[in-house]
Amino acid sequence: MPKSTALGAVLFLAVSCGYHLVGTGTGTFPAHLQRLYVAPLVNQTGRPELDQRLSEELSREWLRRGRFQLVGTAEEADAVLSGTLLYAQSTPVQYDAQGRATEYQLLVVADMQLVDRTGPQPQELWHEPRLSRTVTYQVDVSAADYFDRELEAIERLAREFARAVVVNILEGF
């Protein structure tokens, strides 16, 4: 089968299954939505610092994009971004010769949604019930900076998580 025919078949299947190419959403993001409230994430993970770091990074990512004016309350907002952190786990994935962990993988799973508040009833514009992000990080078992490495991983994960949320929302339209 020629390459162009194979590519055409793949694209046809992707389109017929409801998928679309990145950056080619089905419409435009509603222009009437100007003010966004990023609600503090609800944390069900038992990791107290995680919700704060992810919430802060979500606000920073929206500010970097310049798409919305961020506001301090849901009542002031045209749209509200909210979510619940469902799961967070740091798991060893690599060990040294003595069986000590030298690399960990940090996984976070969240239920995220964006709601339009401008109409008579709130309308869900975007919902991702199992948004997940993973980062790996190295540790030196003999070093005193073990927890610092985990905090660095959380910061990196927060940036990737926020970027994924914003991109998923903006490209979904």
# chains A, B, ... in the order shown; residues from 1 in each chain; ligands from 1
>>> select_by_dssp(residues="chain A", states="alpha helix (DSSP H)", output="ChimeraX atom specification")
/A:3-16,48-65,146-171
>>> write_last_selection(atoms="C-alpha atoms", output="PDB file, in the first residue's frame")
ATOM      1  CA  LYS A   3       2.364   5.744   1.982  1.00  0.00           C
ATOM      2  CA  SER A   4      -0.250   8.318   0.973  1.00  0.00           C
ATOM      3  CA  THR A   5      -2.990   5.674   0.975  1.00  0.00           C
ATOM      4  CA  ALA A   6      -1.917   4.381   4.400  1.00  0.00           C
ATOM      5  CA  LEU A   7      -1.803   7.912   5.805  1.00  0.00           C
ATOM      6  CA  GLY A   8      -5.219   8.633   4.342  1.00  0.00           C
ATOM      7  CA  ALA A   9      -6.656   5.500   5.933  1.00  0.00           C
ATOM      8  CA  VAL A  10      -5.222   6.412   9.334  1.00  0.00           C
ATOM      9  CA  LEU A  11      -6.585   9.959   9.102  1.00  0.00           C
ATOM     10  CA  PHE A  12      -9.987   8.668   7.996  1.00  0.00           C
ATOM     11  CA  LEU A  13     -10.156   6.283  10.942  1.00  0.00           C
ATOM     12  CA  ALA A  14      -9.069   8.989  13.374  1.00  0.00           C
ATOM     13  CA  VAL A  15     -11.670  11.443  12.092  1.00  0.00           C
ATOM     14  CA  SER A  16     -14.431   8.854  11.960  1.00  0.00           C
ATOM     15  CA  PRO A  48      -1.022  18.616  51.678  1.00  0.00           C
ATOM     16  CA  GLU A  49       1.343  20.653  49.498  1.00  0.00           C
ATOM     17  CA  LEU A  50       0.147  19.260  46.193  1.00  0.00           C
ATOM     18  CA  ASP A  51      -3.159  21.115  45.806  1.00  0.00           C
ATOM     19  CA  GLN A  52      -1.547  24.469  46.580  1.00  0.00           C
ATOM     20  CA  ARG A  53       1.299  24.022  44.113  1.00  0.00           C
ATOM     21  CA  LEU A  54      -0.963  22.798  41.314  1.00  0.00           C
ATOM     22  CA  SER A  55      -3.533  25.566  41.914  1.00  0.00           C
ATOM     23  CA  GLU A  56      -0.824  28.240  41.856  1.00  0.00           C
ATOM     24  CA  GLU A  57       0.682  26.865  38.675  1.00  0.00           C
ATOM     25  CA  LEU A  58      -2.727  26.728  36.960  1.00  0.00           C
ATOM     26  CA  SER A  59      -3.158  30.450  37.631  1.00  0.00           C
ATOM     27  CA  ARG A  60       0.364  31.194  36.397  1.00  0.00           C
ATOM     28  CA  GLU A  61      -0.218  29.257  33.172  1.00  0.00           C
ATOM     29  CA  TRP A  62      -3.417  31.169  32.418  1.00  0.00           C
ATOM     30  CA  LEU A  63      -1.598  34.446  33.111  1.00  0.00           C
ATOM     31  CA  ARG A  64       1.204  33.412  30.729  1.00  0.00           C
ATOM     32  CA  ARG A  65      -1.356  32.678  28.019  1.00  0.00           C
ATOM     33  CA  TYR A 146      16.150  13.511  49.202  1.00  0.00           C
ATOM     34  CA  PHE A 147      13.058  15.594  50.047  1.00  0.00           C
ATOM     35  CA  ASP A 148      14.359  18.539  48.008  1.00  0.00           C
ATOM     36  CA  ARG A 149      14.439  16.297  44.933  1.00  0.00           C
ATOM     37  CA  GLU A 150      10.849  15.280  45.537  1.00  0.00           C
ATOM     38  CA  LEU A 151       9.801  18.939  45.902  1.00  0.00           C
ATOM     39  CA  GLU A 152      11.580  19.743  42.619  1.00  0.00           C
ATOM     40  CA  ALA A 153       9.653  16.891  41.002  1.00  0.00           C
ATOM     41  CA  ILE A 154       6.380  18.279  42.377  1.00  0.00           C
ATOM     42  CA  GLU A 155       7.209  21.703  40.924  1.00  0.00           C
ATOM     43  CA  ARG A 156       7.982  20.169  37.524  1.00  0.00           C
ATOM     44  CA  LEU A 157       4.831  18.074  37.649  1.00  0.00           C
ATOM     45  CA  ALA A 158       2.763  21.157  38.563  1.00  0.00           C
ATOM     46  CA  ARG A 159       4.062  23.030  35.491  1.00  0.00           C
ATOM     47  CA  GLU A 160       3.343  20.071  33.195  1.00  0.00           C
ATOM     48  CA  PHE A 161      -0.073  19.531  34.755  1.00  0.00           C
ATOM     49  CA  ALA A 162      -1.072  23.193  34.345  1.00  0.00           C
ATOM     50  CA  ARG A 163       0.181  23.269  30.759  1.00  0.00           C
ATOM     51  CA  ALA A 164      -1.813  20.103  29.975  1.00  0.00           C
ATOM     52  CA  VAL A 165      -5.023  21.542  31.444  1.00  0.00           C
ATOM     53  CA  VAL A 166      -4.733  24.810  29.525  1.00  0.00           C
ATOM     54  CA  VAL A 167      -3.780  23.141  26.244  1.00  0.00           C
ATOM     55  CA  ASN A 168      -6.582  20.579  26.559  1.00  0.00           C
ATOM     56  CA  ILE A 169      -9.125  23.334  27.186  1.00  0.00           C
ATOM     57  CA  LEU A 170      -7.962  25.669  24.418  1.00  0.00           C
ATOM     58  CA  GLU A 171      -7.462  22.939  21.812  1.00  0.00           C
TER      59      GLU A 171
END
>>> closest_residue(among="A:Gln34, A:Leu86, A:Gln94, A:Val42", to="A:Val71", atoms="only C-alpha atoms")
A:Gln34
>>> closest_residue(among="A:Val139, A:Ala77, A:Val108, A:Leu125", to="A:Val93", atoms="only C-alpha atoms")
A:Val139
>>> residues_around(residues="A:Glu103", least_positions_apart="2", cutoff="7 Å", atoms="only C-alpha atoms", output="list of chain:residue names")
A:Pro92, A:Val93, A:Gln94, A:Tyr95, A:Ala101, A:Gln105, A:Thr136, A:Tyr137, A:Gln138, A:Val139
>>> residues_around(residues="stretch 117-123 of chain A", least_positions_apart="3", cutoff="12 Å", atoms="only C-alpha atoms", output="number ranges by chain")
A: 30-37, 74-81, 113-114, 126-127
>>> write_last_selection(atoms="C-alpha atoms", output="CSV table (one decimal), in the first residue's frame")
chain,number,residue,atom,x,y,z
A,30,PRO,CA,-16.4,31.3,23.5
A,31,ALA,CA,-15.4,34.9,23.1
A,32,HIS,CA,-17.8,36.1,25.8
A,33,LEU,CA,-15.7,34.4,28.5
A,34,GLN,CA,-13.3,37.0,29.7
A,35,ARG,CA,-12.9,36.6,33.4
A,36,LEU,CA,-11.7,33.3,34.9
A,37,TYR,CA,-11.7,32.1,38.5
A,74,ALA,CA,-16.4,32.6,41.4
A,75,GLU,CA,-19.1,35.3,41.6
A,76,GLU,CA,-16.9,37.7,39.6
A,77,ALA,CA,-16.0,35.1,36.9
A,78,ASP,CA,-17.5,34.3,33.5
A,79,ALA,CA,-15.9,30.8,33.8
A,80,VAL,CA,-14.7,28.7,36.7
A,81,LEU,CA,-11.9,26.1,36.5
A,113,GLN,CA,-13.6,20.9,34.7
A,114,LEU,CA,-14.3,24.3,33.2
A,126,TRP,CA,-14.8,21.0,29.4
A,127,HIS,CA,-14.4,18.0,31.7
>>> atom_distance(atom1="atom CA of A:Thr91", atom2="atom CA of A:Val135")
10.6 Å
>>> select_by_dssp(residues="stretch 68-166 of chain A", states="strand (DSSP E)", output="mmCIF file with N, CA and C atoms, in the first residue's frame")
data_model
loop_
_atom_site.group_PDB
_atom_site.id
_atom_site.type_symbol
_atom_site.label_atom_id
_atom_site.label_comp_id
_atom_site.auth_asym_id
_atom_site.auth_seq_id
_atom_site.Cartn_x
_atom_site.Cartn_y
_atom_site.Cartn_z
ATOM 1 N N GLN A 69 -8.725 37.369 32.140
ATOM 2 C CA GLN A 69 -8.432 38.184 33.310
ATOM 3 C C GLN A 69 -8.778 37.280 34.491
ATOM 4 N N LEU A 70 -7.805 37.011 35.360
ATOM 5 C CA LEU A 70 -8.078 36.175 36.522
ATOM 6 C C LEU A 70 -8.745 37.018 37.601
ATOM 7 N N ALA A 79 -16.187 32.262 33.844
ATOM 8 C CA ALA A 79 -15.896 30.828 33.805
ATOM 9 C C ALA A 79 -15.123 30.451 35.069
ATOM 10 N N VAL A 80 -15.340 29.221 35.513
ATOM 11 C CA VAL A 80 -14.650 28.715 36.697
ATOM 12 C C VAL A 80 -13.961 27.408 36.331
ATOM 13 N N LEU A 81 -12.660 27.369 36.635
ATOM 14 C CA LEU A 81 -11.883 26.147 36.478
ATOM 15 C C LEU A 81 -11.747 25.529 37.858
ATOM 16 N N SER A 82 -12.170 24.289 37.998
ATOM 17 C CA SER A 82 -12.096 23.624 39.294
ATOM 18 C C SER A 82 -11.667 22.180 39.100
ATOM 19 N N GLY A 83 -11.293 21.562 40.208
ATOM 20 C CA GLY A 83 -10.884 20.178 40.106
ATOM 21 C C GLY A 83 -10.643 19.540 41.454
ATOM 22 N N THR A 84 -10.498 18.237 41.405
ATOM 23 C CA THR A 84 -10.228 17.435 42.591
ATOM 24 C C THR A 84 -9.030 16.548 42.300
ATOM 25 N N LEU A 85 -8.041 16.612 43.164
ATOM 26 C CA LEU A 85 -6.903 15.701 43.059
ATOM 27 C C LEU A 85 -7.341 14.366 43.642
ATOM 28 N N LEU A 86 -7.383 13.366 42.784
ATOM 29 C CA LEU A 86 -7.907 12.062 43.177
ATOM 30 C C LEU A 86 -6.830 11.117 43.701
ATOM 31 N N TYR A 87 -5.637 11.233 43.140
ATOM 32 C CA TYR A 87 -4.601 10.244 43.432
ATOM 33 C C TYR A 87 -3.233 10.873 43.247
ATOM 34 N N ALA A 88 -2.346 10.584 44.168
ATOM 35 C CA ALA A 88 -0.946 10.994 44.032
ATOM 36 C C ALA A 88 -0.095 9.900 44.660
ATOM 37 N N GLN A 89 0.876 9.433 43.912
ATOM 38 C CA GLN A 89 1.719 8.358 44.412
ATOM 39 C C GLN A 89 3.137 8.520 43.897
ATOM 40 N N SER A 90 4.082 8.374 44.800
ATOM 41 C CA SER A 90 5.496 8.354 44.431
ATOM 42 C C SER A 90 5.964 6.913 44.575
ATOM 43 N N THR A 91 6.418 6.332 43.466
ATOM 44 C CA THR A 91 6.767 4.917 43.425
ATOM 45 C C THR A 91 8.208 4.737 42.971
ATOM 46 N N PRO A 92 8.985 3.913 43.679
ATOM 47 C CA PRO A 92 10.346 3.641 43.202
ATOM 48 C C PRO A 92 10.305 2.848 41.899
ATOM 49 N N VAL A 93 11.152 3.255 40.942
ATOM 50 C CA VAL A 93 11.177 2.569 39.647
ATOM 51 C C VAL A 93 12.571 2.060 39.276
ATOM 52 N N GLN A 94 13.583 2.465 40.037
ATOM 53 C CA GLN A 94 14.935 1.992 39.766
ATOM 54 C C GLN A 94 15.673 1.851 41.101
ATOM 55 N N TYR A 95 16.530 0.816 41.178
ATOM 56 C CA TYR A 95 17.229 0.509 42.432
ATOM 57 C C TYR A 95 18.718 0.360 42.180
ATOM 58 N N ALA A 101 16.212 2.430 46.470
ATOM 59 C CA ALA A 101 15.609 3.170 45.354
ATOM 60 C C ALA A 101 16.489 4.352 44.965
ATOM 61 N N THR A 102 16.730 4.506 43.663
ATOM 62 C CA THR A 102 17.523 5.623 43.156
ATOM 63 C C THR A 102 16.725 6.506 42.196
ATOM 64 N N GLU A 103 15.573 6.023 41.769
ATOM 65 C CA GLU A 103 14.711 6.813 40.890
ATOM 66 C C GLU A 103 13.264 6.527 41.274
ATOM 67 N N TYR A 104 12.471 7.604 41.316
ATOM 68 C CA TYR A 104 11.057 7.500 41.653
ATOM 69 C C TYR A 104 10.223 8.071 40.522
ATOM 70 N N GLN A 105 8.985 7.624 40.476
ATOM 71 C CA GLN A 105 8.013 8.171 39.539
ATOM 72 C C GLN A 105 6.870 8.747 40.366
ATOM 73 N N LEU A 106 6.545 10.005 40.108
ATOM 74 C CA LEU A 106 5.448 10.681 40.791
ATOM 75 C C LEU A 106 4.279 10.789 39.819
ATOM 76 N N LEU A 107 3.137 10.256 40.225
ATOM 77 C CA LEU A 107 1.927 10.248 39.409
ATOM 78 C C LEU A 107 0.834 11.016 40.130
ATOM 79 N N VAL A 108 0.149 11.889 39.396
ATOM 80 C CA VAL A 108 -1.001 12.627 39.927
ATOM 81 C C VAL A 108 -2.163 12.439 38.960
ATOM 82 N N VAL A 109 -3.343 12.175 39.514
ATOM 83 C CA VAL A 109 -4.564 12.035 38.729
ATOM 84 C C VAL A 109 -5.602 12.990 39.307
ATOM 85 N N ALA A 110 -6.267 13.726 38.422
ATOM 86 C CA ALA A 110 -7.253 14.717 38.868
ATOM 87 C C ALA A 110 -8.492 14.678 37.990
ATOM 88 N N ASP A 111 -9.589 15.116 38.564
ATOM 89 C CA ASP A 111 -10.848 15.328 37.849
ATOM 90 C C ASP A 111 -10.976 16.843 37.693
ATOM 91 N N MET A 112 -10.895 17.340 36.453
ATOM 92 C CA MET A 112 -10.880 18.780 36.194
ATOM 93 C C MET A 112 -12.061 19.175 35.313
ATOM 94 N N GLN A 113 -12.553 20.404 35.533
ATOM 95 C CA GLN A 113 -13.645 20.900 34.687
ATOM 96 C C GLN A 113 -13.618 22.416 34.569
ATOM 97 N N LEU A 114 -14.150 22.888 33.466
ATOM 98 C CA LEU A 114 -14.323 24.316 33.212
ATOM 99 C C LEU A 114 -15.804 24.552 32.976
ATOM 100 N N VAL A 115 -16.357 25.529 33.714
ATOM 101 C CA VAL A 115 -17.794 25.795 33.658
ATOM 102 C C VAL A 115 -18.025 27.244 33.254
ATOM 103 N N ASP A 116 -18.950 27.437 32.310
ATOM 104 C CA ASP A 116 -19.401 28.768 31.892
ATOM 105 C C ASP A 116 -20.511 29.188 32.847
ATOM 106 N N GLN A 123 -22.893 25.972 32.686
ATOM 107 C CA GLN A 123 -22.770 24.999 31.599
ATOM 108 C C GLN A 123 -21.342 24.479 31.558
ATOM 109 N N GLU A 124 -21.200 23.178 31.635
ATOM 110 C CA GLU A 124 -19.880 22.560 31.564
ATOM 111 C C GLU A 124 -19.345 22.672 30.137
ATOM 112 N N LEU A 125 -18.168 23.300 30.015
ATOM 113 C CA LEU A 125 -17.544 23.467 28.701
ATOM 114 C C LEU A 125 -16.497 22.397 28.435
ATOM 115 N N TRP A 126 -15.853 21.951 29.483
ATOM 116 C CA TRP A 126 -14.762 20.982 29.354
ATOM 117 C C TRP A 126 -14.697 20.175 30.632
ATOM 118 N N HIS A 127 -14.475 18.876 30.483
ATOM 119 C CA HIS A 127 -14.362 18.000 31.653
ATOM 120 C C HIS A 127 -13.402 16.861 31.332
ATOM 121 N N GLU A 128 -12.439 16.689 32.194
ATOM 122 C CA GLU A 128 -11.494 15.580 32.067
ATOM 123 C C GLU A 128 -11.481 14.853 33.406
ATOM 124 N N PRO A 129 -12.205 13.729 33.510
ATOM 125 C CA PRO A 129 -12.347 13.067 34.803
ATOM 126 C C PRO A 129 -11.092 12.346 35.302
ATOM 127 N N ARG A 130 -10.138 12.069 34.433
ATOM 128 C CA ARG A 130 -8.937 11.324 34.833
ATOM 129 C C ARG A 130 -7.684 11.928 34.201
ATOM 130 N N LEU A 131 -7.508 13.228 34.350
ATOM 131 C CA LEU A 131 -6.308 13.879 33.824
ATOM 132 C C LEU A 131 -5.121 13.434 34.670
ATOM 133 N N SER A 132 -4.088 12.907 34.024
ATOM 134 C CA SER A 132 -2.934 12.426 34.790
ATOM 135 C C SER A 132 -1.643 12.973 34.203
ATOM 136 N N ARG A 133 -0.689 13.138 35.080
ATOM 137 C CA ARG A 133 0.662 13.546 34.702
ATOM 138 C C ARG A 133 1.638 12.766 35.562
ATOM 139 N N THR A 134 2.783 12.432 34.965
ATOM 140 C CA THR A 134 3.819 11.657 35.637
ATOM 141 C C THR A 134 5.169 12.306 35.396
ATOM 142 N N VAL A 135 6.000 12.364 36.422
ATOM 143 C CA VAL A 135 7.390 12.779 36.277
ATOM 144 C C VAL A 135 8.257 11.785 37.047
ATOM 145 N N THR A 136 9.477 11.630 36.580
ATOM 146 C CA THR A 136 10.438 10.797 37.301
ATOM 147 C C THR A 136 11.534 11.696 37.841
ATOM 148 N N TYR A 137 12.136 11.250 38.928
ATOM 149 C CA TYR A 137 13.224 12.023 39.518
ATOM 150 C C TYR A 137 14.219 11.082 40.176
ATOM 151 N N GLN A 138 15.479 11.468 40.081
ATOM 152 C CA GLN A 138 16.592 10.704 40.655
ATOM 153 C C GLN A 138 16.803 11.123 42.104
#
>>> atom_distance(atom1="atom CA of A:Thr73", atom2="atom CA of A:Phe29")
21.7 Å
